[in-house]
Structures are given as C-alpha cells and as structure tokens.
file my_file.cif (mmCIF, C-alpha atoms)
data_model
loop_
_atom_site.label_atom_id
_atom_site.label_comp_id
_atom_site.auth_asym_id
_atom_site.auth_seq_id
_atom_site.Cartn_x
_atom_site.Cartn_y
_atom_site.Cartn_z
CA MET B 1 67.84 109.04 97.71
CA PRO B 2 68.70 108.27 101.37
CA HIS B 3 67.80 110.94 103.90
CA PHE B 4 70.64 112.45 105.91
CA THR B 5 71.76 115.73 107.41
CA PRO B 6 75.01 117.13 106.00
CA ILE B 7 77.38 118.24 108.76
CA HIS B 8 80.28 120.64 108.26
CA TYR B 9 82.80 120.99 111.09
CA SER B 10 86.32 122.29 111.62
CA SER B 11 89.44 120.28 112.33
CA GLU B 12 91.99 121.43 114.87
CA ASP B 13 94.08 122.94 112.08
CA GLY B 14 91.13 124.75 110.51
CA LEU B 15 90.10 122.49 107.63
CA THR B 16 86.39 122.25 106.89
CA LEU B 17 85.38 118.60 107.09
CA TYR B 18 82.16 116.86 106.13
CA ALA B 19 79.99 114.01 107.34
CA ARG B 20 76.50 112.66 106.71
CA ASP B 21 74.20 112.16 109.69
CA TYR B 22 71.51 109.48 109.28
CA ALA B 23 68.83 109.61 111.96
CA PRO B 24 67.65 106.34 113.51
CA VAL B 25 64.49 105.49 111.61
CA ASP B 26 62.40 104.41 114.56
CA THR B 27 63.14 107.50 116.67
CA ALA B 28 63.43 110.30 114.11
CA ALA B 29 60.73 112.90 114.48
CA VAL B 30 61.62 115.26 111.67
CA ASP B 31 60.42 116.11 108.20
CA THR B 32 62.72 113.92 106.11
CA ALA B 33 62.20 116.14 103.07
CA ALA B 34 64.13 118.83 104.93
CA VAL B 35 66.88 116.51 106.10
CA ASP B 36 68.51 116.22 102.67
CA THR B 37 69.46 119.87 102.49
CA ALA B 38 69.86 120.97 106.12
CA ALA B 39 73.46 121.76 107.10
CA VAL B 40 75.01 122.25 110.51
CA ASP B 41 78.22 124.23 110.80
CA THR B 42 80.60 124.37 113.76
CA ALA B 43 83.71 126.42 114.22
CA ALA B 44 85.21 124.36 117.06
CA ALA B 45 85.01 120.92 118.55
CA GLY B 46 83.10 122.18 121.55
CA ALA B 47 80.45 123.88 119.46
CA SER B 48 77.00 122.34 119.77
CA MET B 49 75.62 120.22 116.95
CA ALA B 50 72.49 119.33 118.91
CA GLY B 51 70.41 120.93 116.19
CA THR B 52 70.85 117.88 113.98
CA PRO B 53 67.72 115.71 113.90
CA ALA B 54 69.50 112.56 115.03
CA ALA B 55 70.97 114.24 118.09
CA ALA B 56 67.48 114.99 119.33
CA SER B 57 66.78 111.31 119.99
CA PRO B 58 67.81 110.52 123.58
CA ALA B 59 66.41 106.99 123.31
CA ALA B 60 68.67 106.07 120.39
CA ARG B 61 71.10 103.21 120.83
CA LEU B 62 74.86 103.64 120.46
CA PRO B 63 75.59 105.45 117.19
CA VAL B 64 77.61 103.93 114.36
CA ILE B 65 80.49 105.80 112.73
CA CYS B 66 81.42 104.63 109.21
CA ILE B 67 84.84 105.44 107.78
CA HIS B 68 85.72 104.72 104.14
CA GLY B 69 88.85 103.50 102.37
CA LEU B 70 91.88 105.33 100.97
CA THR B 71 90.50 106.87 97.75
CA ARG B 72 86.81 106.61 98.60
CA ASN B 73 84.31 108.82 100.40
CA CYS B 74 81.16 108.65 102.49
CA ALA B 75 79.01 107.79 99.45
CA ASP B 76 80.33 104.22 99.76
CA PHE B 77 77.83 103.87 102.61
CA ASP B 78 74.82 105.14 100.61
CA GLU B 79 73.10 101.75 100.89
CA PHE B 80 74.62 100.46 104.11
CA ALA B 81 74.02 103.51 106.33
CA PRO B 82 70.22 103.64 105.85
CA LEU B 83 70.01 99.91 106.59
CA VAL B 84 71.80 100.41 109.91
CA ALA B 85 69.69 103.49 110.67
CA GLY B 86 66.69 101.24 110.11
CA LEU B 87 67.90 99.16 113.07
CA GLY B 88 67.35 102.17 115.32
CA ARG B 89 70.87 103.57 115.37
CA ARG B 90 72.17 106.96 114.40
CA VAL B 91 74.80 106.61 111.65
CA LEU B 92 77.57 109.05 110.78
CA ALA B 93 79.39 108.50 107.48
CA LEU B 94 82.55 110.60 107.24
CA ASP B 95 84.51 112.14 104.40
CA VAL B 96 88.10 111.88 105.63
CA ARG B 97 90.15 115.02 104.98
CA GLY B 98 91.20 115.27 101.35
CA ARG B 99 88.22 113.25 100.11
CA GLY B 100 84.69 113.98 98.97
CA HIS B 101 83.28 117.17 100.45
CA SER B 102 86.06 117.54 103.05
CA ALA B 103 88.77 120.10 102.34
CA ARG B 104 92.11 119.13 100.87
CA ASP B 105 95.08 119.61 103.18
CA PRO B 106 97.83 121.97 101.99
CA ASN B 107 100.29 119.85 104.01
CA PRO B 108 100.33 116.29 102.60
CA ASP B 109 102.16 115.06 105.72
CA ASN B 110 98.82 115.36 107.50
CA TYR B 111 97.39 112.52 105.42
CA ASN B 112 98.09 109.93 108.10
CA PRO B 113 96.00 107.87 110.57
CA GLN B 114 96.96 109.93 113.63
CA VAL B 115 95.59 113.12 112.08
CA TYR B 116 92.55 111.31 110.71
CA ALA B 117 91.83 109.88 114.17
CA ALA B 118 92.10 113.38 115.70
CA ASP B 119 89.50 114.56 113.18
CA VAL B 120 87.14 111.78 114.32
CA GLU B 121 87.67 112.81 117.94
CA ARG B 122 86.85 116.39 116.99
CA LEU B 123 83.56 115.38 115.36
CA MET B 124 82.53 113.20 118.30
CA ALA B 125 83.30 115.96 120.79
CA GLY B 126 81.32 118.50 118.78
CA LEU B 127 78.32 116.18 118.60
CA GLY B 128 78.54 115.18 122.25
CA ILE B 129 79.11 111.51 121.39
CA ALA B 130 80.99 109.77 124.19
CA ARG B 131 81.11 106.30 122.61
CA ALA B 132 80.31 104.84 119.23
CA ILE B 133 80.46 101.62 117.25
CA PHE B 134 82.97 101.95 114.41
CA VAL B 135 82.72 100.45 110.95
CA GLY B 136 86.03 100.92 109.18
CA THR B 137 86.62 99.87 105.59
CA SER B 138 90.30 99.43 104.69
CA MET B 139 91.91 102.75 105.70
CA GLY B 140 88.87 103.36 107.89
CA GLY B 141 89.82 100.26 109.88
CA LEU B 142 93.37 101.56 110.29
CA ILE B 143 91.92 104.82 111.62
CA THR B 144 89.76 102.84 114.04
CA MET B 145 92.78 100.90 115.33
CA THR B 146 94.71 104.16 115.69
CA LEU B 147 91.84 105.63 117.68
CA ALA B 148 92.03 102.62 120.00
CA THR B 149 95.57 103.63 120.94
CA ARG B 150 94.59 107.27 121.44
CA ASP B 151 91.37 106.83 123.43
CA ILE B 152 89.87 103.35 123.64
CA GLY B 153 86.98 104.82 125.63
CA LEU B 154 85.53 106.32 122.45
CA ILE B 155 85.11 102.88 120.90
CA ALA B 156 82.25 100.66 122.12
CA ALA B 157 82.84 98.01 119.43
CA ALA B 158 84.27 97.81 115.93
CA VAL B 159 83.83 96.21 112.53
CA LEU B 160 87.05 95.94 110.51
CA ASN B 161 86.15 95.59 106.84
CA ASP B 162 88.86 93.74 104.91
CA ILE B 163 91.73 95.24 106.86
CA GLY B 164 94.00 94.41 109.74
CA PRO B 165 97.42 95.09 111.24
CA VAL B 166 99.02 92.70 108.74
CA VAL B 167 98.19 93.07 105.05
CA SER B 168 99.50 91.76 101.74
CA ASP B 169 102.25 93.35 99.64
CA LYS B 170 100.27 92.24 96.59
CA GLY B 171 97.21 94.29 97.50
CA LEU B 172 99.26 97.32 98.51
CA ALA B 173 101.08 97.22 95.18
CA ARG B 174 97.82 97.04 93.23
CA ILE B 175 96.34 100.01 95.09
CA ALA B 176 99.57 102.00 94.73
CA GLY B 177 99.42 101.34 90.99
CA TYR B 178 96.40 103.60 90.51
CA THR B 179 96.14 105.86 93.57
CA GLY B 180 97.12 109.46 92.87
CA LYS B 181 97.72 108.87 89.15
CA PRO B 182 96.27 111.54 86.81
CA VAL B 183 92.90 110.35 85.51
CA ARG B 184 90.59 112.67 83.58
CA PRO B 185 87.75 110.71 81.95
CA ALA B 186 86.19 112.37 78.94
CA SER B 187 82.69 111.23 79.89
CA TRP B 188 80.74 109.37 82.56
CA ASP B 189 80.96 106.25 80.39
CA ASP B 190 84.75 106.56 80.41
CA ALA B 191 84.70 107.06 84.18
CA ALA B 192 82.62 103.90 84.61
CA ARG B 193 85.05 101.93 82.44
CA TYR B 194 88.00 103.19 84.49
CA VAL B 195 86.35 102.28 87.79
CA SER B 196 85.52 98.86 86.38
CA ASP B 197 89.08 98.32 85.17
CA ILE B 198 90.62 98.88 88.61
CA ASN B 199 87.91 97.10 90.62
CA ARG B 200 86.59 94.22 88.52
CA CYS B 201 89.15 91.83 90.01
CA ALA B 202 87.44 92.40 93.35
CA PHE B 203 83.86 92.57 92.08
CA PRO B 204 83.71 90.23 89.08
CA HIS B 205 79.92 90.04 89.10
CA ASN B 206 79.12 93.75 89.23
CA PRO B 207 76.65 94.81 86.49
CA ASP B 208 77.34 97.86 84.33
CA ALA B 209 74.82 99.93 86.31
CA GLU B 210 76.89 99.40 89.44
CA TRP B 211 80.05 100.69 87.76
CA ASP B 212 78.17 103.81 86.67
CA LYS B 213 77.05 104.36 90.27
CA TRP B 214 80.59 103.91 91.54
CA ALA B 215 81.92 106.31 88.91
CA ARG B 216 79.58 109.04 90.15
CA ARG B 217 80.86 108.48 93.66
CA ALA B 218 84.50 108.54 92.57
CA PHE B 219 84.45 111.52 90.16
CA GLU B 220 82.89 114.96 89.94
CA PRO B 221 83.04 117.84 87.45
CA ASP B 222 85.74 120.39 88.24
CA ALA B 223 85.41 124.17 87.79
CA GLY B 224 85.92 123.73 84.04
CA GLY B 225 83.37 120.95 83.72
CA ARG B 226 85.90 118.12 83.29
CA LEU B 227 85.61 115.00 85.43
CA ALA B 228 88.19 114.71 88.21
CA PRO B 229 88.69 112.26 91.11
CA ARG B 230 87.00 113.21 94.35
CA TYR B 231 90.22 113.02 96.34
CA ASP B 232 93.49 114.90 96.66
CA PRO B 233 96.18 113.00 94.70
CA HIS B 234 98.63 113.79 97.50
CA ILE B 235 96.97 111.13 99.67
CA ALA B 236 99.08 108.63 97.67
CA ILE B 237 102.44 109.94 98.90
CA ALA B 238 102.63 107.72 101.98
CA LEU B 239 101.71 104.65 99.94
CA GLN B 240 104.04 105.32 97.03
CA SER B 241 106.96 106.32 99.26
CA GLY B 242 106.79 103.11 101.26
CA LYS B 243 105.73 104.79 104.51
CA LEU B 244 102.60 102.66 104.49
CA ARG B 245 103.96 99.19 105.23
CA PRO B 246 102.31 95.76 105.29
CA THR B 247 102.68 95.61 109.07
CA SER B 248 104.29 97.29 112.06
CA LEU B 249 104.68 96.60 115.76
CA GLN B 250 102.46 99.61 116.49
CA SER B 251 99.61 98.36 114.29
CA ARG B 252 99.77 94.86 115.77
CA MET B 253 99.68 96.27 119.30
CA ALA B 254 96.73 98.52 118.38
CA PHE B 255 94.80 95.56 116.98
CA ARG B 256 95.49 93.39 120.02
CA ARG B 257 94.30 96.12 122.35
CA LEU B 258 91.14 96.71 120.35
CA ALA B 259 90.37 92.99 120.19
CA ARG B 260 91.16 92.46 123.87
CA GLU B 261 89.06 95.33 125.21
CA ARG B 262 86.16 95.65 122.78
CA PRO B 263 83.78 93.42 120.77
CA LEU B 264 85.21 93.04 117.28
CA LEU B 265 84.01 91.69 113.94
CA LEU B 266 86.29 91.07 110.97
CA VAL B 267 84.70 91.06 107.50
CA ARG B 268 86.86 89.65 104.71
CA GLY B 269 86.20 89.44 101.00
CA ALA B 270 86.99 85.90 99.87
CA LEU B 271 88.82 87.27 96.81
CA SER B 272 90.71 89.96 98.72
CA ASP B 273 94.31 90.57 97.71
CA LEU B 274 94.90 93.03 100.56
CA LEU B 275 93.73 90.86 103.45
CA GLU B 276 94.53 87.39 102.21
CA ALA B 277 93.55 84.22 104.02
CA ARG B 278 96.87 83.96 105.85
CA GLN B 279 96.61 87.48 107.26
CA ALA B 280 93.04 86.82 108.39
CA GLU B 281 94.19 83.61 110.07
CA TRP B 282 96.89 85.53 111.92
CA MET B 283 94.25 87.94 113.21
CA ARG B 284 91.98 85.11 114.32
CA ARG B 285 94.80 83.45 116.23
CA ALA B 286 95.79 86.74 117.83
CA ALA B 287 92.17 87.52 118.80
CA PRO B 288 90.26 84.26 119.48
CA SER B 289 87.13 86.10 120.63
CA MET B 290 86.87 88.14 117.41
CA ARG B 291 83.91 87.31 115.20
CA TYR B 292 84.64 86.57 111.58
CA VAL B 293 82.75 86.40 108.30
CA GLU B 294 84.01 85.75 104.79
CA VAL B 295 82.01 87.26 101.93
CA PRO B 296 81.98 85.01 98.84
CA ASP B 297 82.77 86.24 95.30
CA VAL B 298 84.00 89.65 96.52
CA GLY B 299 87.49 91.05 97.00
CA HIS B 300 88.76 94.25 98.56
CA ALA B 301 86.62 95.54 100.08
CA PRO B 302 83.04 94.32 100.63
CA MET B 303 80.36 97.01 100.45
CA LEU B 304 78.76 95.43 103.55
CA THR B 305 75.41 95.11 101.77
CA GLU B 306 76.25 91.62 100.53
CA PRO B 307 73.96 89.08 102.27
CA ALA B 308 76.75 87.42 104.25
CA ALA B 309 78.30 90.71 105.35
CA LEU B 310 75.01 92.38 106.21
CA ALA B 311 73.79 89.38 108.19
CA ALA B 312 77.02 89.28 110.20
CA VAL B 313 77.02 93.03 110.91
CA THR B 314 73.31 92.97 111.85
CA ALA B 315 73.87 90.09 114.29
CA PHE B 316 76.93 91.85 115.74
CA LEU B 317 75.01 95.09 116.29
CA ALA B 318 72.10 93.23 117.83
CA GLY B 319 74.30 92.22 120.77
CA LEU B 320 75.42 95.77 121.50
CA PRO B 321 73.70 98.52 123.54
#

call {"tool": "encode", "arguments": {"input": "my_file.cif", "output": "structure tokens"}}
result
Amino acid sequence: MPHFTPIHYSSEDGLTLYARDYAPVDTAAVDTAAVDTAAVDTAAAGASMAGTPAAASPAARLPVICIHGLTRNCADFDEFAPLVAGLGRRVLALDVRGRGHSARDPNPDNYNPQVYAADVERLMAGLGIARAIFVGTSMGGLITMTLATRDIGLIAAAVLNDIGPVVSDKGLARIAGYTGKPVRPASWDDAARYVSDINRCAFPHNPDAEWDKWARRAFEPDAGGRLAPRYDPHIAIALQSGKLRPTSLQSRMAFRRLARERPLLLVRGALSDLLEARQAEWMRRAAPSMRYVEVPDVGHAPMLTEPAALAAVTAFLAGLP
C-alpha cells in the first residue's frame, strides 16, 4: 500500500474535496505508518495545510499535481505517484469534484473545466504552492489547459496524457456510450468483467488481476452494500448533451499558450481512439517544441507506468527544477 496523507479541503462553494499527498521519498522525515491515516482539514483556501508531512520539506523540488480522467479518481495514480515521489518530488493526486472521496455537486452545471480549475487553485492556495508541474490524464489535461488560461503562473510545466485541444468523435462517442449509465454489479467479479468490457479495446494485454484492481478503484459498496460507481452519474450530462465538443477555438488557444510558455510533454497511447494519430500530429505542428512519446499496445489512456511512458515522464521531470 503506498504511503500518502489524505487531505480534505473546501471548494469556494462549500463542497468537501479530497486529495492524496505523497511526500518526496528522499526528504520525508515522518513515520510512514502514520501517513496512511492522517487527515488534514481546511475550511478555506487560505487555511494552512503546513501540517502535512510533505509540506515540511523546504528542500523539495517543484511538486507534481496529478489529475485523473472523466469517470476515474485519484487511485489511478496508485503506482505512478509513488514512483514520482521516489524522484524527490511531492505528489498530489486529486479526486475531482463528483468523483472518489470528493463530494458530489448538487448543481450538475458545475461539472465543467472552469470550476474544476478553480478547485485546483483553491487547493494550491491552501497548501501554499505557488507553482507545480501538472500531469493531466484525459479530462485532467483539459483542466490543466483551462488553468493555463486562468493563471499560467501556477503551471511550471505539464504532461498531457492522451488528450489535447482536438480529439476524435469516435473516442467521445465510445466514452459517452457508458458514462453515467446505471451499472450495479452483483459482485466484484461482475465489476471486473464490466471494467474489462469497456476498457479491453484500450488495454488488450491486461491480465485478469489488473481488471480486478481497476474494478476496486471504479466501484465501492453503497449504504446498502451494493456496488456502485465511484462517481456522480451527472458528470455525463455535458458529454451526452453535446456540450463537450471535439474541439473549440478556446481549447486550441489554451493549448497554444501552454505550449508556448511552458515545457510540455504529450503522451499518446498508440491504440487511442480519443487522441488519434492525426490529432497528435496537429498538436506537434502547432507546438514544435513539445516533447512527444507514443506508448505501444495501449489506448486511451496510458497509466503512465508503461516503460515508454514512465521513461519519457522521468526524463521530462529531470530537466525541471
């Protein structure tokens, strides 16, 4: 089990949000047995979170903020985050509102990148983080690009994982086909089969044990003991109503600004149906200085622990403060 400090903080509109705080391995000076269960609560963005173990390391390099995809949660970084922490960086893995341990929003209109980006700003302010390196998977990359338009100063560099300002209708349609639909597996085996059914096209070589692990990230028992998805089904409204489009002038401008002003790495799954080769080529032409890696035998979206992805991210981080 990776060691992290759970953080609970409040959004501007009063939702309780959650993140995991992984201390940099080479600078942490805490009892890691206590880190798993310690919790830090804040009532406002300005409230101090300096009591977290990672925050007590002034010599740490720029922290890394990991943001997951549409229906996922911070557990997607269970393997990746400790590896990055082992490089001497503090890592924060977020549960975006409506997912995982973060509260569900009574107003579904708030499930949009502008609100998500404001939540990230709130967390950074509360922790006293002036700049960070962002790792955004799918929706997490859209949030990162949105943040670039709000306050580019918060972003020191970014990794966009299988996402960009131009995506494929094919991938959007596939994701819309299952997001928000009622799914109530009768057992963990059923949950693993469901997760395999919707993801095997992207991860054709995953063993059964991996699907079981993913199922336990994607589902949890509800108050009655039945398995339920770990996200609010209302997050699908923007996708199913057509508000989430394959591209927009605003998203292209956000990407160009991010690529122009900050170091940027694009990770693409070779089998991806959301960021197909032609969209990746558009991004590379629009941002010639952007680094690029293609992960073989994986679709949308790489877990970033694949050898090609991890090597590229490690090399990218090595060149940053």

call {"tool": "residues_near_point", "arguments": {"input": "my_file.cif", "point": "(79.1, 107.8, 106.9)", "cutoff": "6 Å", "atoms": "all atoms listed in the file", "output": "compact mmCIF listing (two decimals) with C-alpha atoms, keeping the file's coordinate frame"}}
result
# COMPACT_ATOMS: atom_id res chain seq x y z
CA ARG B 20 76.50 112.66 106.71
CA CYS B 66 81.42 104.63 109.21
CA CYS B 74 81.16 108.65 102.49
CA PHE B 77 77.83 103.87 102.61
CA LEU B 92 77.57 109.05 110.78
CA ALA B 93 79.39 108.50 107.48
CA LEU B 94 82.55 110.60 107.24

call {"tool": "resolve_selection", "arguments": {"input": "my_file.cif", "expression": "the PyMOL selection byres ((chain B and resi 215) around 9)", "output": "ChimeraX atom specification"}}
result
/B:188-196,210-214,216-220

call {"tool": "write_last_selection", "arguments": {"input": "my_file.cif", "atoms": "C-alpha atoms", "output": "short mmCIF file (atom, residue, chain, number, x, y, z; two decimals), in the frame of the given file"}}
result
data_model
loop_
_atom_site.label_atom_id
_atom_site.label_comp_id
_atom_site.auth_asym_id
_atom_site.auth_seq_id
_atom_site.Cartn_x
_atom_site.Cartn_y
_atom_site.Cartn_z
CA TRP B 188 80.74 109.37 82.56
CA ASP B 189 80.96 106.25 80.39
CA ASP B 190 84.75 106.56 80.41
CA ALA B 191 84.70 107.06 84.18
CA ALA B 192 82.62 103.90 84.61
CA ARG B 193 85.05 101.93 82.44
CA TYR B 194 88.00 103.19 84.49
CA VAL B 195 86.35 102.28 87.79
CA SER B 196 85.52 98.86 86.38
CA GLU B 210 76.89 99.40 89.44
CA TRP B 211 80.05 100.69 87.76
CA ASP B 212 78.17 103.81 86.67
CA LYS B 213 77.05 104.36 90.27
CA TRP B 214 80.59 103.91 91.54
CA ARG B 216 79.58 109.04 90.15
CA ARG B 217 80.86 108.48 93.66
CA ALA B 218 84.50 108.54 92.57
CA PHE B 219 84.45 111.52 90.16
CA GLU B 220 82.89 114.96 89.94
#

call {"tool": "closest_residue", "arguments": {"input": "my_file.cif", "among": "B:Asp222, B:Val159, B:Gly153, B:Val167", "to": "B:Tyr292", "atoms": "all atoms listed in the file"}}
result
B:Val159

call {"tool": "residues_around", "arguments": {"input": "my_file.cif", "residues": "B:Ala103", "least_positions_apart": "6", "cutoff": "6 Å", "atoms": "all atoms listed in the file", "output": "list in words"}}
result
Leu15, Thr16 and Arg97 of chain B

call {"tool": "resolve_selection", "arguments": {"input": "my_file.cif", "expression": "the PyMOL selection byres ((chain B and resi 314-320) around 12)", "output": "ChimeraX atom specification"}}
result
/B:61-64,80-81,83-89,132-135,156-159,262-267,290-293,304-313,321

call {"tool": "write_last_selection", "arguments": {"input": "my_file.cif", "atoms": "C-alpha atoms", "output": "PDB file, keeping the file's coordinate frame"}}
result
ATOM      1  CA  ARG B  61      71.100 103.210 120.830  1.00  0.00           C
ATOM      2  CA  LEU B  62      74.860 103.640 120.460  1.00  0.00           C
ATOM      3  CA  PRO B  63      75.590 105.450 117.190  1.00  0.00           C
ATOM      4  CA  VAL B  64      77.610 103.930 114.360  1.00  0.00           C
ATOM      5  CA  PHE B  80      74.620 100.460 104.110  1.00  0.00           C
ATOM      6  CA  ALA B  81      74.020 103.510 106.330  1.00  0.00           C
ATOM      7  CA  LEU B  83      70.010  99.910 106.590  1.00  0.00           C
ATOM      8  CA  VAL B  84      71.800 100.410 109.910  1.00  0.00           C
ATOM      9  CA  ALA B  85      69.690 103.490 110.670  1.00  0.00           C
ATOM     10  CA  GLY B  86      66.690 101.240 110.110  1.00  0.00           C
ATOM     11  CA  LEU B  87      67.900  99.160 113.070  1.00  0.00           C
ATOM     12  CA  GLY B  88      67.350 102.170 115.320  1.00  0.00           C
ATOM     13  CA  ARG B  89      70.870 103.570 115.370  1.00  0.00           C
ATOM     14  CA  ALA B 132      80.310 104.840 119.230  1.00  0.00           C
ATOM     15  CA  ILE B 133      80.460 101.620 117.250  1.00  0.00           C
ATOM     16  CA  PHE B 134      82.970 101.950 114.410  1.00  0.00           C
ATOM     17  CA  VAL B 135      82.720 100.450 110.950  1.00  0.00           C
ATOM     18  CA  ALA B 156      82.250 100.660 122.120  1.00  0.00           C
ATOM     19  CA  ALA B 157      82.840  98.010 119.430  1.00  0.00           C
ATOM     20  CA  ALA B 158      84.270  97.810 115.930  1.00  0.00           C
ATOM     21  CA  VAL B 159      83.830  96.210 112.530  1.00  0.00           C
ATOM     22  CA  ARG B 262      86.160  95.650 122.780  1.00  0.00           C
ATOM     23  CA  PRO B 263      83.780  93.420 120.770  1.00  0.00           C
ATOM     24  CA  LEU B 264      85.210  93.040 117.280  1.00  0.00           C
ATOM     25  CA  LEU B 265      84.010  91.690 113.940  1.00  0.00           C
ATOM     26  CA  LEU B 266      86.290  91.070 110.970  1.00  0.00           C
ATOM     27  CA  VAL B 267      84.700  91.060 107.500  1.00  0.00           C
ATOM     28  CA  MET B 290      86.870  88.140 117.410  1.00  0.00           C
ATOM     29  CA  ARG B 291      83.910  87.310 115.200  1.00  0.00           C
ATOM     30  CA  TYR B 292      84.640  86.570 111.580  1.00  0.00           C
ATOM     31  CA  VAL B 293      82.750  86.400 108.300  1.00  0.00           C
ATOM     32  CA  LEU B 304      78.760  95.430 103.550  1.00  0.00           C
ATOM     33  CA  THR B 305      75.410  95.110 101.770  1.00  0.00           C
ATOM     34  CA  GLU B 306      76.250  91.620 100.530  1.00  0.00           C
ATOM     35  CA  PRO B 307      73.960  89.080 102.270  1.00  0.00           C
ATOM     36  CA  ALA B 308      76.750  87.420 104.250  1.00  0.00           C
ATOM     37  CA  ALA B 309      78.300  90.710 105.350  1.00  0.00           C
ATOM     38  CA  LEU B 310      75.010  92.380 106.210  1.00  0.00           C
ATOM     39  CA  ALA B 311      73.790  89.380 108.190  1.00  0.00           C
ATOM     40  CA  ALA B 312      77.020  89.280 110.200  1.00  0.00           C
ATOM     41  CA  VAL B 313      77.020  93.030 110.910  1.00  0.00           C
ATOM     42  CA  PRO B 321      73.700  98.520 123.540  1.00  0.00           C
TER      43      PRO B 321
END

call {"tool": "closest_residue", "arguments": {"input": "my_file.cif", "among": "B:Glu294, B:Glu12, B:Asp105, B:Asp162", "to": "B:Val120", "atoms": "only C-alpha atoms"}}
result
B:Glu12

call {"tool": "resolve_selection", "arguments": {"input": "my_file.cif", "expression": "the PyMOL selection byres ((chain B and resi 244-253) around 12)", "output": "number ranges by chain"}}
result
B: 70, 111-114, 139, 141-149, 163-173, 175-176, 235-243, 254-260, 274-276, 279, 282-283, 286-287

call {"tool": "atom_distance", "arguments": {"input": "my_file.cif", "atom1": "atom CA of B:Ile67", "atom2": "atom CA of B:Asp109"}}
result
19.9 Å

call {"tool": "axis_aligned_box", "arguments": {"input": "my_file.cif", "around": "stretch 5-15 of chain B", "padding_each_side": "3 Å", "output": "JSON"}}
result
{"center_x": 82.9, "center_y": 120.2, "center_z": 110.4, "size_x": 28.3, "size_y": 15.0, "size_z": 14.9}

call {"tool": "residues_around", "arguments": {"input": "my_file.cif", "residues": "B:Cys201", "least_positions_apart": "6", "cutoff": "9 Å", "atoms": "all atoms listed in the file", "output": "mmCIF file with C-alpha atoms, keeping the file's coordinate frame"}}
result
data_model
loop_
_atom_site.group_PDB
_atom_site.id
_atom_site.type_symbol
_atom_site.label_atom_id
_atom_site.label_comp_id
_atom_site.auth_asym_id
_atom_site.auth_seq_id
_atom_site.Cartn_x
_atom_site.Cartn_y
_atom_site.Cartn_z
ATOM 1 C CA LEU B 271 88.820 87.270 96.810
ATOM 2 C CA VAL B 298 84.000 89.650 96.520
ATOM 3 C CA GLY B 299 87.490 91.050 97.000
ATOM 4 C CA HIS B 300 88.760 94.250 98.560
#

call {"tool": "closest_residue", "arguments": {"input": "my_file.cif", "among": "B:Phe203, B:Pro221, B:Ala209, B:Thr137", "to": "B:Ser187", "atoms": "all atoms listed in the file"}}
result
B:Pro221

call {"tool": "decode", "arguments": {"input": "my_file.cif", "residues": "stretch 311-316 of chain B", "atoms": "all heavy atoms", "output": "mmCIF file, in the first residue's frame"}}
result
data_model
loop_
_atom_site.group_PDB
_atom_site.id
_atom_site.type_symbol
_atom_site.label_atom_id
_atom_site.label_comp_id
_atom_site.auth_asym_id
_atom_site.auth_seq_id
_atom_site.Cartn_x
_atom_site.Cartn_y
_atom_site.Cartn_z
ATOM 1 N N ALA B 311 9.541 6.284 -18.799
ATOM 2 C CA ALA B 311 10.861 6.787 -19.186
ATOM 3 C C ALA B 311 10.763 8.223 -19.694
ATOM 4 O O ALA B 311 11.594 9.075 -19.362
ATOM 5 C CB ALA B 311 11.474 5.881 -20.246
ATOM 6 N N ALA B 312 9.736 8.507 -20.499
ATOM 7 C CA ALA B 312 9.570 9.851 -21.032
ATOM 8 C C ALA B 312 9.240 10.856 -19.934
ATOM 9 O O ALA B 312 9.791 11.980 -19.909
ATOM 10 C CB ALA B 312 8.472 9.857 -22.099
ATOM 11 N N VAL B 313 8.355 10.484 -19.024
ATOM 12 C CA VAL B 313 7.987 11.403 -17.923
ATOM 13 C C VAL B 313 9.192 11.623 -17.014
ATOM 14 O O VAL B 313 9.458 12.764 -16.583
ATOM 15 C CB VAL B 313 6.792 10.843 -17.135
ATOM 16 C CG1 VAL B 313 6.535 11.692 -15.893
ATOM 17 C CG2 VAL B 313 5.545 10.797 -18.002
ATOM 18 N N THR B 314 9.933 10.562 -16.701
ATOM 19 C CA THR B 314 11.106 10.692 -15.836
ATOM 20 C C THR B 314 12.138 11.631 -16.458
ATOM 21 O O THR B 314 12.699 12.494 -15.767
ATOM 22 C CB THR B 314 11.729 9.312 -15.577
ATOM 23 O OG1 THR B 314 10.759 8.472 -14.925
ATOM 24 C CG2 THR B 314 12.944 9.430 -14.682
ATOM 25 N N ALA B 315 12.391 11.470 -17.747
ATOM 26 C CA ALA B 315 13.351 12.344 -18.434
ATOM 27 C C ALA B 315 12.852 13.792 -18.455
ATOM 28 O O ALA B 315 13.638 14.730 -18.284
ATOM 29 C CB ALA B 315 13.595 11.841 -19.852
ATOM 30 N N PHE B 316 11.564 13.969 -18.667
ATOM 31 C CA PHE B 316 10.960 15.309 -18.681
ATOM 32 C C PHE B 316 11.125 15.979 -17.322
ATOM 33 O O PHE B 316 11.560 17.132 -17.224
ATOM 34 C CB PHE B 316 9.488 15.175 -19.060
ATOM 35 C CG PHE B 316 8.745 16.470 -19.162
ATOM 36 C CD1 PHE B 316 9.015 17.372 -20.178
ATOM 37 C CD2 PHE B 316 7.728 16.773 -18.262
ATOM 38 C CE1 PHE B 316 8.304 18.565 -20.288
ATOM 39 C CE2 PHE B 316 7.006 17.948 -18.363
ATOM 40 C CZ PHE B 316 7.299 18.850 -19.385
#
